[in-house]
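S.K.: The structure file my_file.cif (mmCIF, C-alpha atoms; chains and numbers go by the auth columns) is provided below.
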```cif
data_protein
#
loop_
_atom_site.group_PDB
_atom_site.id
_atom_site.type_symbol
_atom_site.label_atom_id
_atom_site.label_comp_id
_atom_site.label_asym_id
_atom_site.label_seq_id
_atom_site.Cartn_x
_atom_site.Cartn_y
_atom_site.Cartn_z
_atom_site.B_iso_or_equiv
_atom_site.auth_seq_id
_atom_site.auth_asym_id
ATOM 1 C CA MET A 1 96.194 94.903 92.493 0.00 1 A
ATOM 2 C CA SER A 2 99.184 94.340 90.346 0.00 2 A
ATOM 3 C CA VAL A 3 100.137 91.049 91.959 0.00 3 A
ATOM 4 C CA ARG A 4 96.574 89.838 91.534 0.00 4 A
ATOM 5 C CA TYR A 5 96.718 90.982 87.918 0.00 5 A
ATOM 6 C CA LEU A 6 99.930 89.040 87.368 0.00 6 A
ATOM 7 C CA LYS A 7 98.670 85.923 89.114 0.00 7 A
ATOM 8 C CA ALA A 8 95.498 85.988 87.039 0.00 8 A
ATOM 9 C CA ALA A 9 97.565 86.373 83.887 0.00 9 A
ATOM 10 C CA LEU A 10 99.769 83.485 84.967 0.00 10 A
ATOM 11 C CA ALA A 11 96.775 81.278 85.720 0.00 11 A
ATOM 12 C CA SER A 12 95.196 81.965 82.346 0.00 12 A
ATOM 13 C CA GLY A 13 98.448 81.600 80.440 0.00 13 A
ATOM 14 C CA GLU A 14 98.503 85.185 79.232 0.00 14 A
ATOM 15 C CA ALA A 15 102.242 85.341 78.647 0.00 15 A
ATOM 16 C CA GLU A 16 102.102 88.679 76.856 0.00 16 A
ATOM 17 C CA LYS A 17 100.737 90.390 79.986 0.00 17 A
ATOM 18 C CA LEU A 18 103.557 88.902 82.046 0.00 18 A
ATOM 19 C CA ILE A 19 106.413 89.824 79.728 0.00 19 A
ATOM 20 C CA ARG A 20 104.889 93.261 79.197 0.00 20 A
ATOM 21 C CA PHE A 21 105.023 93.817 82.952 0.00 21 A
ATOM 22 C CA VAL A 22 108.708 92.855 82.972 0.00 22 A
ATOM 23 C CA ARG A 23 109.447 95.171 80.040 0.00 23 A
ATOM 24 C CA LEU A 24 107.663 98.031 81.819 0.00 24 A
ATOM 25 C CA HIS A 25 109.681 97.427 85.003 0.00 25 A
ATOM 26 C CA LEU A 26 113.002 97.271 83.174 0.00 26 A
ATOM 27 C CA GLY A 27 112.082 100.239 80.999 0.00 27 A
ATOM 28 C CA ASP A 28 110.814 102.441 83.829 0.00 28 A
ATOM 29 C CA GLY A 29 107.278 102.420 82.493 0.00 29 A
ATOM 30 C CA ASP A 30 108.131 102.402 78.766 0.00 30 A
ATOM 31 C CA GLU A 31 107.631 99.010 77.133 0.00 31 A
ATOM 32 C CA GLY A 32 109.769 99.800 74.087 0.00 32 A
ATOM 33 C CA VAL A 33 112.625 100.937 76.308 0.00 33 A
ATOM 34 C CA GLY A 34 112.273 97.804 78.396 0.00 34 A
ATOM 35 C CA ARG A 35 112.515 95.636 75.300 0.00 35 A
ATOM 36 C CA ARG A 36 115.738 97.405 74.303 0.00 36 A
ATOM 37 C CA GLU A 37 117.107 97.111 77.825 0.00 37 A
ATOM 38 C CA ILE A 38 116.580 93.341 77.785 0.00 38 A
ATOM 39 C CA ASP A 39 118.379 93.135 74.450 0.00 39 A
ATOM 40 C CA LYS A 40 121.163 95.353 75.789 0.00 40 A
ATOM 41 C CA ALA A 41 121.766 93.114 78.795 0.00 41 A
ATOM 42 C CA TRP A 42 121.971 89.972 76.669 0.00 42 A
ATOM 43 C CA ILE A 43 124.263 91.659 74.144 0.00 43 A
ATOM 44 C CA ARG A 44 126.572 92.806 76.943 0.00 44 A
ATOM 45 C CA ALA A 45 126.602 89.304 78.449 0.00 45 A
ATOM 46 C CA LEU A 46 127.506 87.855 75.075 0.00 46 A
ATOM 47 C CA GLU A 47 130.167 90.497 74.523 0.00 47 A
ATOM 48 C CA LEU A 48 131.825 89.674 77.848 0.00 48 A
ATOM 49 C CA LEU A 49 132.112 86.024 76.830 0.00 49 A
ATOM 50 C CA LEU A 50 133.180 86.441 73.216 0.00 50 A
ATOM 51 C CA ASP A 51 136.863 85.885 73.917 0.00 51 A
ATOM 52 C CA VAL A 52 136.067 82.962 76.203 0.00 52 A
ATOM 53 C CA PRO A 53 137.742 84.495 79.273 0.00 53 A
ATOM 54 C CA ALA A 54 138.387 82.338 82.324 0.00 54 A
ATOM 55 C CA THR A 55 135.257 82.331 84.476 0.00 55 A
ATOM 56 C CA ASP A 56 134.425 80.838 87.846 0.00 56 A
ATOM 57 C CA ARG A 57 132.267 78.008 86.599 0.00 57 A
ATOM 58 C CA ASP A 58 132.432 76.293 89.953 0.00 58 A
ATOM 59 C CA PHE A 59 130.836 79.372 91.533 0.00 59 A
ATOM 60 C CA VAL A 60 128.120 79.343 88.864 0.00 60 A
ATOM 61 C CA LEU A 61 127.322 75.672 89.294 0.00 61 A
ATOM 62 C CA THR A 62 127.457 75.812 93.082 0.00 62 A
ATOM 63 C CA THR A 63 125.203 78.851 93.172 0.00 63 A
ATOM 64 C CA VAL A 64 122.619 77.305 90.865 0.00 64 A
ATOM 65 C CA ARG A 65 122.753 74.013 92.715 0.00 65 A
ATOM 66 C CA GLU A 66 122.601 75.369 96.260 0.00 66 A
ATOM 67 C CA LYS A 67 120.410 78.433 96.126 0.00 67 A
ATOM 68 C CA ASP A 68 116.628 78.320 96.021 0.00 68 A
ATOM 69 C CA PRO A 69 114.833 79.188 92.771 0.00 69 A
ATOM 70 C CA ALA A 70 113.398 82.458 94.138 0.00 70 A
ATOM 71 C CA THR A 71 116.869 83.705 95.102 0.00 71 A
ATOM 72 C CA LEU A 72 118.146 82.774 91.655 0.00 72 A
ATOM 73 C CA ALA A 73 115.226 84.594 90.019 0.00 73 A
ATOM 74 C CA HIS A 74 116.089 87.619 92.142 0.00 74 A
ATOM 75 C CA LEU A 75 119.705 87.285 91.041 0.00 75 A
ATOM 76 C CA PHE A 76 118.510 87.145 87.432 0.00 76 A
ATOM 77 C CA PHE A 77 116.954 90.606 87.800 0.00 77 A
ATOM 78 C CA GLN A 78 120.043 91.875 89.647 0.00 78 A
ATOM 79 C CA LEU A 79 122.266 90.603 86.843 0.00 79 A
ATOM 80 C CA HIS A 80 120.103 92.331 84.262 0.00 80 A
ATOM 81 C CA PHE A 81 120.750 95.677 85.930 0.00 81 A
ATOM 82 C CA PHE A 82 124.423 94.840 86.423 0.00 82 A
ATOM 83 C CA LEU A 83 124.819 94.106 82.714 0.00 83 A
ATOM 84 C CA VAL A 84 123.000 97.209 81.498 0.00 84 A
ATOM 85 C CA ARG A 85 125.125 99.322 83.816 0.00 85 A
ATOM 86 C CA HIS A 86 128.244 97.509 82.641 0.00 86 A
ATOM 87 C CA SER A 87 127.247 98.292 79.050 0.00 87 A
ATOM 88 C CA GLY A 88 127.956 101.944 79.823 0.00 88 A
ATOM 89 C CA GLU A 89 124.467 103.132 78.888 0.00 89 A
ATOM 90 C CA TRP A 90 122.384 103.694 82.024 0.00 90 A
ATOM 91 C CA ILE A 91 118.895 104.934 81.192 0.00 91 A
ATOM 92 C CA HIS A 92 117.525 105.000 84.731 0.00 92 A
ATOM 93 C CA ASP A 93 117.167 108.185 86.735 0.00 93 A
ATOM 94 C CA GLY A 94 118.733 107.052 89.984 0.00 94 A
ATOM 95 C CA ASP A 95 121.040 104.398 91.369 0.00 95 A
ATOM 96 C CA LEU A 96 120.631 100.798 92.474 0.00 96 A
ATOM 97 C CA MET B 1 86.897 116.381 94.952 0.00 97 B
ATOM 98 C CA THR B 2 88.500 119.250 93.073 0.00 98 B
ATOM 99 C CA ALA B 3 87.550 120.533 89.653 0.00 99 B
ATOM 100 C CA THR B 4 90.533 118.738 88.141 0.00 100 B
ATOM 101 C CA SER B 5 89.816 115.400 89.753 0.00 101 B
ATOM 102 C CA ASP B 6 88.610 112.480 87.668 0.00 102 B
ATOM 103 C CA ALA B 7 85.985 109.949 88.653 0.00 103 B
ATOM 104 C CA HIS B 8 88.424 108.217 91.013 0.00 104 B
ATOM 105 C CA GLY B 9 89.228 111.397 92.889 0.00 105 B
ATOM 106 C CA GLN B 10 92.707 111.767 91.457 0.00 106 B
ATOM 107 C CA LEU B 11 94.000 115.316 91.520 0.00 107 B
ATOM 108 C CA ARG B 12 95.633 114.989 88.090 0.00 108 B
ATOM 109 C CA SER B 13 93.146 114.071 85.440 0.00 109 B
ATOM 110 C CA GLY B 14 94.398 111.048 83.479 0.00 110 B
ATOM 111 C CA LEU B 15 96.986 110.045 86.070 0.00 111 B
ATOM 112 C CA TRP B 16 94.998 106.930 86.922 0.00 112 B
ATOM 113 C CA HIS B 17 94.992 105.729 83.335 0.00 113 B
ATOM 114 C CA THR B 18 98.650 106.585 82.818 0.00 114 B
ATOM 115 C CA ILE B 19 99.833 104.629 85.827 0.00 115 B
ATOM 116 C CA ASN B 20 97.575 101.672 85.132 0.00 116 B
ATOM 117 C CA GLU B 21 98.874 101.645 81.568 0.00 117 B
ATOM 118 C CA ARG B 22 102.499 101.675 82.694 0.00 118 B
ATOM 119 C CA TYR B 23 102.126 99.504 85.783 0.00 119 B
ATOM 120 C CA PRO B 24 99.013 97.403 85.088 0.00 120 B
ATOM 121 C CA GLY B 25 96.718 96.908 88.010 0.00 121 B
ATOM 122 C CA SER B 26 98.835 98.889 90.440 0.00 122 B
ATOM 123 C CA MET B 27 96.345 101.687 91.053 0.00 123 B
ATOM 124 C CA ILE B 28 93.588 100.830 93.464 0.00 124 B
ATOM 125 C CA THR B 29 90.359 102.419 94.579 0.00 125 B
ATOM 126 C CA LYS B 30 89.861 102.773 98.298 0.00 126 B
ATOM 127 C CA SER B 31 86.264 102.810 99.446 0.00 127 B
ATOM 128 C CA ASP B 32 87.068 103.107 103.127 0.00 128 B
ATOM 129 C CA ASP B 33 88.351 106.267 104.732 0.00 129 B
ATOM 130 C CA VAL B 34 90.621 106.951 107.673 0.00 130 B
ATOM 131 C CA PRO B 35 89.733 110.301 109.227 0.00 131 B
ATOM 132 C CA LEU B 36 92.591 112.696 109.869 0.00 132 B
ATOM 133 C CA ALA B 37 93.560 113.012 113.507 0.00 133 B
ATOM 134 C CA SER B 38 93.341 116.424 115.100 0.00 134 B
ATOM 135 C CA VAL B 39 96.476 118.181 116.340 0.00 135 B
ATOM 136 C CA ARG B 40 95.983 118.502 120.074 0.00 136 B
ATOM 137 C CA LYS B 41 98.720 120.963 120.916 0.00 137 B
ATOM 138 C CA PRO B 42 100.623 123.790 119.239 0.00 138 B
ATOM 139 C CA LEU B 43 103.265 122.841 116.659 0.00 139 B
ATOM 140 C CA ARG B 44 105.930 124.399 118.862 0.00 140 B
ATOM 141 C CA GLU B 45 105.171 121.656 121.386 0.00 141 B
ATOM 142 C CA CYS B 46 104.843 118.787 118.880 0.00 142 B
ATOM 143 C CA ARG B 47 107.410 116.123 118.111 0.00 143 B
ATOM 144 C CA LEU B 48 107.350 115.564 114.355 0.00 144 B
ATOM 145 C CA THR B 49 108.322 112.508 112.368 0.00 145 B
ATOM 146 C CA PHE B 50 108.914 112.304 108.643 0.00 146 B
ATOM 147 C CA VAL B 51 107.838 109.397 106.422 0.00 147 B
ATOM 148 C CA SER B 52 109.160 109.426 102.873 0.00 148 B
ATOM 149 C CA THR B 53 109.140 107.163 99.804 0.00 149 B
ATOM 150 C CA ALA B 54 112.319 108.772 98.475 0.00 150 B
ATOM 151 C CA GLY B 55 114.543 105.760 99.078 0.00 151 B
ATOM 152 C CA VAL B 56 116.871 107.824 101.265 0.00 152 B
ATOM 153 C CA GLN B 57 119.039 105.859 103.678 0.00 153 B
ATOM 154 C CA LEU B 58 122.202 106.025 105.705 0.00 154 B
ATOM 155 C CA LYS B 59 125.341 105.387 103.727 0.00 155 B
ATOM 156 C CA GLY B 60 126.524 101.854 104.346 0.00 156 B
ATOM 157 C CA SER B 61 123.094 100.398 105.125 0.00 157 B
ATOM 158 C CA VAL B 62 121.658 97.646 102.923 0.00 158 B
ATOM 159 C CA PRO B 63 120.440 99.330 99.728 0.00 159 B
ATOM 160 C CA PHE B 64 116.762 99.287 98.949 0.00 160 B
ATOM 161 C CA ASP B 65 115.978 96.561 96.444 0.00 161 B
ATOM 162 C CA THR B 66 115.294 98.497 93.280 0.00 162 B
ATOM 163 C CA VAL B 67 115.629 95.501 90.946 0.00 163 B
ATOM 164 C CA HIS B 68 112.876 93.288 92.379 0.00 164 B
ATOM 165 C CA PRO B 69 109.926 93.289 89.961 0.00 165 B
ATOM 166 C CA ILE B 70 107.342 93.313 92.762 0.00 166 B
ATOM 167 C CA GLY B 71 109.121 95.837 94.984 0.00 167 B
ATOM 168 C CA ASP B 72 110.829 96.178 98.350 0.00 168 B
ATOM 169 C CA TYR B 73 108.634 96.065 101.464 0.00 169 B
ATOM 170 C CA THR B 74 111.283 97.080 103.962 0.00 170 B
ATOM 171 C CA PHE B 75 111.874 100.490 105.491 0.00 171 B
ATOM 172 C CA ARG B 76 114.924 102.224 106.884 0.00 172 B
ATOM 173 C CA ARG B 77 115.330 104.405 109.924 0.00 173 B
ATOM 174 C CA VAL B 78 117.175 107.632 109.183 0.00 174 B
ATOM 175 C CA PRO B 79 118.403 109.524 112.265 0.00 175 B
ATOM 176 C CA SER B 80 116.683 112.890 112.323 0.00 176 B
ATOM 177 C CA SER B 81 120.031 114.386 113.360 0.00 177 B
ATOM 178 C CA ALA B 82 121.753 113.129 110.202 0.00 178 B
ATOM 179 C CA ARG B 83 123.457 115.433 107.749 0.00 179 B
ATOM 180 C CA PRO B 84 122.786 115.107 104.002 0.00 180 B
ATOM 181 C CA ALA B 85 126.388 113.950 103.615 0.00 181 B
ATOM 182 C CA ASP B 86 125.513 110.924 105.780 0.00 182 B
ATOM 183 C CA LEU B 87 122.744 109.873 103.412 0.00 183 B
ATOM 184 C CA GLU B 88 122.303 108.384 99.948 0.00 184 B
ATOM 185 C CA ILE B 89 119.423 107.467 97.664 0.00 185 B
ATOM 186 C CA HIS B 90 118.745 104.014 96.271 0.00 186 B
ATOM 187 C CA GLN B 91 115.912 104.480 93.815 0.00 187 B
ATOM 188 C CA ILE B 92 115.658 104.266 90.026 0.00 188 B
ATOM 189 C CA LYS B 93 112.117 105.362 89.368 0.00 189 B
ATOM 190 C CA PHE B 94 112.414 109.125 89.808 0.00 190 B
ATOM 191 C CA PRO B 95 115.019 111.702 88.746 0.00 191 B
ATOM 192 C CA THR B 96 117.582 112.244 91.485 0.00 192 B
ATOM 193 C CA VAL B 97 119.746 114.926 89.850 0.00 193 B
ATOM 194 C CA GLY B 98 118.237 117.706 91.952 0.00 194 B
ATOM 195 C CA ALA B 99 118.359 115.631 95.131 0.00 195 B
ATOM 196 C CA HIS B 100 122.045 114.976 94.611 0.00 196 B
ATOM 197 C CA ARG B 101 122.628 118.730 94.467 0.00 197 B
ATOM 198 C CA ASP B 102 120.510 119.361 97.541 0.00 198 B
ATOM 199 C CA LEU B 103 118.883 116.434 99.312 0.00 199 B
ATOM 200 C CA ASN B 104 116.418 118.800 100.966 0.00 200 B
ATOM 201 C CA VAL B 105 114.434 119.145 97.744 0.00 201 B
ATOM 202 C CA ILE B 106 113.101 115.638 98.315 0.00 202 B
ATOM 203 C CA PHE B 107 114.078 114.889 101.895 0.00 203 B
ATOM 204 C CA PRO B 108 113.974 118.209 103.803 0.00 204 B
ATOM 205 C CA ILE B 109 115.893 117.040 106.834 0.00 205 B
ATOM 206 C CA GLU B 110 117.842 120.282 107.299 0.00 206 B
ATOM 207 C CA ARG B 111 114.705 122.403 106.937 0.00 207 B
ATOM 208 C CA LEU B 112 113.011 120.355 109.663 0.00 208 B
ATOM 209 C CA GLN B 113 116.083 120.650 111.900 0.00 209 B
ATOM 210 C CA GLU B 114 115.957 124.420 111.354 0.00 210 B
ATOM 211 C CA LEU B 115 112.273 124.577 112.296 0.00 211 B
ATOM 212 C CA VAL B 116 113.123 122.923 115.597 0.00 212 B
ATOM 213 C CA ALA B 117 116.092 125.252 116.159 0.00 213 B
ATOM 214 C CA GLU B 118 113.812 128.249 115.514 0.00 214 B
ATOM 215 C CA GLY B 119 111.204 126.927 117.934 0.00 215 B
ATOM 216 C CA ALA B 120 108.507 126.481 115.318 0.00 216 B
ATOM 217 C CA LEU B 121 108.449 122.750 116.064 0.00 217 B
ATOM 218 C CA GLY B 122 108.839 121.172 119.480 0.00 218 B
ATOM 219 C CA GLY B 123 111.236 118.506 118.263 0.00 219 B
ATOM 220 C CA LEU B 124 111.847 115.601 115.926 0.00 220 B
ATOM 221 C CA THR B 125 111.535 111.898 116.552 0.00 221 B
ATOM 222 C CA ALA B 126 114.867 110.119 116.877 0.00 222 B
ATOM 223 C CA SER B 127 114.312 108.503 113.483 0.00 223 B
ATOM 224 C CA PHE B 128 112.673 109.391 110.230 0.00 224 B
ATOM 225 C CA PHE B 129 111.287 106.553 108.100 0.00 225 B
ATOM 226 C CA THR B 130 111.914 105.848 104.440 0.00 226 B
ATOM 227 C CA PHE B 131 111.041 103.244 101.859 0.00 227 B
ATOM 228 C CA ILE B 132 110.761 103.086 98.073 0.00 228 B
ATOM 229 C CA GLY B 133 107.599 103.798 96.165 0.00 229 B
ATOM 230 C CA TYR B 134 107.947 101.055 93.557 0.00 230 B
ATOM 231 C CA ASN B 135 105.773 98.455 95.243 0.00 231 B
ATOM 232 C CA MET B 136 103.473 96.446 93.014 0.00 232 B
ATOM 233 C CA ASP B 137 101.512 94.808 95.813 0.00 233 B
ATOM 234 C CA PRO B 138 99.399 97.518 97.453 0.00 234 B
ATOM 235 C CA ASP B 139 97.867 94.941 99.814 0.00 235 B
ATOM 236 C CA ARG B 140 101.305 94.147 101.218 0.00 236 B
ATOM 237 C CA VAL B 141 102.081 97.848 101.552 0.00 237 B
ATOM 238 C CA GLU B 142 98.876 98.492 103.460 0.00 238 B
ATOM 239 C CA ARG B 143 98.797 95.419 105.692 0.00 239 B
ATOM 240 C CA ASP B 144 102.505 94.894 106.317 0.00 240 B
ATOM 241 C CA LEU B 145 104.861 97.762 105.502 0.00 241 B
ATOM 242 C CA ALA B 146 102.536 100.587 106.539 0.00 242 B
ATOM 243 C CA VAL B 147 101.650 98.829 109.782 0.00 243 B
ATOM 244 C CA ARG B 148 105.305 98.298 110.694 0.00 244 B
ATOM 245 C CA ILE B 149 106.124 101.932 109.933 0.00 245 B
ATOM 246 C CA ALA B 150 103.101 103.112 111.920 0.00 246 B
ATOM 247 C CA ASP B 151 104.194 100.992 114.885 0.00 247 B
ATOM 248 C CA ALA B 152 107.709 102.459 114.670 0.00 248 B
ATOM 249 C CA VAL B 153 106.320 105.990 114.500 0.00 249 B
ATOM 250 C CA VAL B 154 104.234 105.377 117.617 0.00 250 B
ATOM 251 C CA GLU B 155 107.241 103.842 119.351 0.00 251 B
ATOM 252 C CA ASP B 156 109.193 107.019 118.582 0.00 252 B
ATOM 253 C CA GLN B 157 106.423 109.018 120.287 0.00 253 B
ATOM 254 C CA ALA B 158 105.573 111.224 117.351 0.00 254 B
ATOM 255 C CA ASP B 159 102.793 113.772 117.822 0.00 255 B
ATOM 256 C CA ILE B 160 102.542 114.616 114.138 0.00 256 B
ATOM 257 C CA ALA B 161 103.853 113.135 110.896 0.00 257 B
ATOM 258 C CA LEU B 162 104.962 114.726 107.648 0.00 258 B
ATOM 259 C CA MET B 163 104.333 112.227 104.867 0.00 259 B
ATOM 260 C CA CYS B 164 105.903 112.837 101.506 0.00 260 B
ATOM 261 C CA PRO B 165 105.855 110.741 98.319 0.00 261 B
ATOM 262 C CA ALA B 166 108.882 111.048 96.057 0.00 262 B
#
```
Give the structure from the file, written as structure tokens.

M.R.:
Amino acid sequence: MSVRYLKAALASGEAEKLIRFVRLHLGDGDEGVGRREIDKAWIRALELLLDVPATDRDFVLTTVREKDPATLAHLFFQLHFFLVRHSGEWIHDGDL
Amino acid sequence: MTATSDAHGQLRSGLWHTINERYPGSMITKSDDVPLASVRKPLRECRLTFVSTAGVQLKGSVPFDTVHPIGDYTFRRVPSSARPADLEIHQIKFPTVGAHRDLNVIFPIERLQELVAEGALGGLTASFFTFIGYNMDPDRVERDLAVRIADAVVEDQADIALMCPA
């Protein structure tokens, strides 16, 4: 089972197995693509902040303070896909 | 087992390795077997339901969660009377270009409606049932999602089910 596989990797500290799984998910089964997609999301996030636009920091702090860690982790994945879509280069076959 | 099956009984030789390589640990071997049920009356008297992993859902309903790394274990009811224009796909793991041109290529709702209109099928359940195929916890699929869908299918009084992976 994949979840069992991931839990075993987590228990034995096999970080490479864990990050590889994430890369495969974000790259639709292609680890190299997933690596580039992660980079693309971070680059887009940086690009959006380069000119130091006004942002809703209160929303950010309130969200992080009030929401549970699992919801925030879920949001982290959602934001990844938001940023890659916002970059203008969408490699996935379908839609969110 | 067919001539093209591998040791695990997969119809496409090498598929097992490919999927396990891309989604480690996600392919499982089932040692138990659920026998197929016999059809007890003619198709023209049967009420058919449709179960699909295509991620098809009514426009405006909560989108399937395609970003979650472990998957989405919910299902949606799609009215069997719906038109393709009422529906949309939330899924990023298979090409949807063809389905956007004609949804019936992956979710043959109009073909099934036609079979009923022609009398080849007795009818359709009020709902069809859809979910997404990217689920990395097969145990949860088998013991939770599949059970809830099966219960809903029984509740809809289906005689037969068409099951179609995307």

S.K.: I need the chain B residues near chain A as JSON, numbers by chain; criterion: at most 12 Å, counting all atoms listed in the file.

M.R.: {"B": [114, 115, 116, 117, 118, 119, 120, 121, 122, 123, 124, 125, 126, 150, 151, 152, 158, 159, 160, 161, 162, 163, 164, 165, 166, 167, 168, 184, 185, 186, 187, 188, 189, 190, 191, 192, 193, 194, 195, 196, 228, 230, 231, 232, 233, 234, 235, 236, 237, 238]}

S.K.: Go ahead and compute the interatomic distance for CA of Pro69 (chain A) and CA of Ile38 (chain A), in Å to one decimal.

M.R.: 20.7 Å

S.K.: Can you tell me, as a PDB file with C-alpha atoms, keeping the file's coordinate frame, what residues are no more than 8 Å from Leu139 (chain B) when counting all atoms listed in the file, ignoring any on the same chain fewer than 3 positions away?

M.R.:
```pdb
ATOM      1  CA  CYS B 142     104.843 118.787 118.880  1.00  0.00           C
ATOM      2  CA  ALA B 216     108.507 126.481 115.318  1.00  0.00           C
ATOM      3  CA  LEU B 217     108.449 122.750 116.064  1.00  0.00           C
ATOM      4  CA  GLY B 218     108.839 121.172 119.480  1.00  0.00           C
TER       5      GLY B 218
END
```

S.K.: So what do you get for CA of Thr221 (chain B) versus CA of Leu132 (chain B), distance-wise?

M.R.: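 If I compute the distance from CA of Thr221 (chain B) to CA of Leu132 (chain B), I get 20.1 Å.
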
S.K.: If you apply the PyMOL selection byres ((chain B and resi 144) around 8) to this file, what residues do you get, as a list of chain:residue names?

M.R.: B:Cys142, B:Arg143, B:Thr145, B:Phe146, B:Leu217, B:Gly218, B:Gly219, B:Leu220, B:Thr221, B:Ala254, B:Asp255, B:Ile256, B:Ala257, B:Leu258

S.K.: In Å, with one decimal, what is the gap from CA of Arg173 (chain B) to CA of Pro138 (chain B)?

M.R.: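 Between CA of Arg173 (chain B) and CA of Pro138 (chain B) the gap is 26.1 Å.
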
S.K.: Tell me, as a PyMOL selection string, which residues lie within 12 Å of His86 (chain A), counting all atoms listed in the file; anything in the same chain fewer than 2 positions away does not count.

M.R.: chain A and resi 40-45+47-48+79-84+88-90

S.K.: Please determine, counting all atoms listed in the file, which residue among B:Asn200, B:Ser157, B:Thr170, B:Ser223 has the shortest atom-to-atom distance to Arg244 (chain B).

M.R.: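 Smallest distance to Arg244 (chain B) is found for B:Thr170.
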
S.K.: Can you work out which one of A:Leu46, A:Ile19, A:Ala54, A:Val60 has the shortest atom-to-atom distance to Leu72 (chain A), counting all atoms listed in the file?

M.R.: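 For Leu72 (chain A), the nearest of the candidates is A:Val60.
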
S.K.: Using the atoms already present, construct N, CA and C atoms for region 31-48 of chain A and hand them back as a tab-separated table (two decimals), in the frame of the given file.

M.R.:
```tsv
chain	number	residue	atom	x	y	z
A	31	GLU	N	107.45	100.39	77.58
A	31	GLU	CA	107.63	99.01	77.13
A	31	GLU	C	108.71	98.89	76.07
A	32	GLY	N	108.75	99.84	75.13
A	32	GLY	CA	109.77	99.80	74.09
A	32	GLY	C	111.17	99.91	74.66
A	33	VAL	N	111.32	100.79	75.64
A	33	VAL	CA	112.62	100.94	76.31
A	33	VAL	C	113.00	99.64	77.03
A	34	GLY	N	112.01	99.05	77.68
A	34	GLY	CA	112.27	97.80	78.40
A	34	GLY	C	112.72	96.70	77.47
A	35	ARG	N	112.11	96.64	76.29
A	35	ARG	CA	112.52	95.64	75.30
A	35	ARG	C	113.98	95.86	74.90
A	36	ARG	N	114.34	97.10	74.69
A	36	ARG	CA	115.74	97.40	74.30
A	36	ARG	C	116.70	97.13	75.45
A	37	GLU	N	116.25	97.38	76.67
A	37	GLU	CA	117.11	97.11	77.82
A	37	GLU	C	117.39	95.62	77.98
A	38	ILE	N	116.37	94.79	77.73
A	38	ILE	CA	116.58	93.34	77.78
A	38	ILE	C	117.60	92.93	76.73
A	39	ASP	N	117.42	93.45	75.52
A	39	ASP	CA	118.38	93.14	74.45
A	39	ASP	C	119.79	93.59	74.85
A	40	LYS	N	119.86	94.79	75.43
A	40	LYS	CA	121.16	95.35	75.79
A	40	LYS	C	121.89	94.48	76.81
A	41	ALA	N	121.14	93.97	77.77
A	41	ALA	CA	121.77	93.11	78.80
A	41	ALA	C	122.31	91.83	78.17
A	42	TRP	N	121.52	91.22	77.30
A	42	TRP	CA	121.97	89.97	76.67
A	42	TRP	C	123.17	90.23	75.75
A	43	ILE	N	123.14	91.34	75.03
A	43	ILE	CA	124.26	91.66	74.14
A	43	ILE	C	125.53	91.88	74.96
A	44	ARG	N	125.40	92.58	76.11
A	44	ARG	CA	126.57	92.81	76.94
A	44	ARG	C	127.10	91.48	77.52
A	45	ALA	N	126.18	90.61	77.93
A	45	ALA	CA	126.60	89.30	78.45
A	45	ALA	C	127.36	88.52	77.38
A	46	LEU	N	126.83	88.56	76.17
A	46	LEU	CA	127.51	87.86	75.08
A	46	LEU	C	128.88	88.46	74.81
A	47	GLU	N	128.91	89.80	74.79
A	47	GLU	CA	130.17	90.50	74.52
A	47	GLU	C	131.25	90.11	75.54
A	48	LEU	N	130.85	90.01	76.79
A	48	LEU	CA	131.82	89.67	77.85
A	48	LEU	C	132.38	88.26	77.70
```
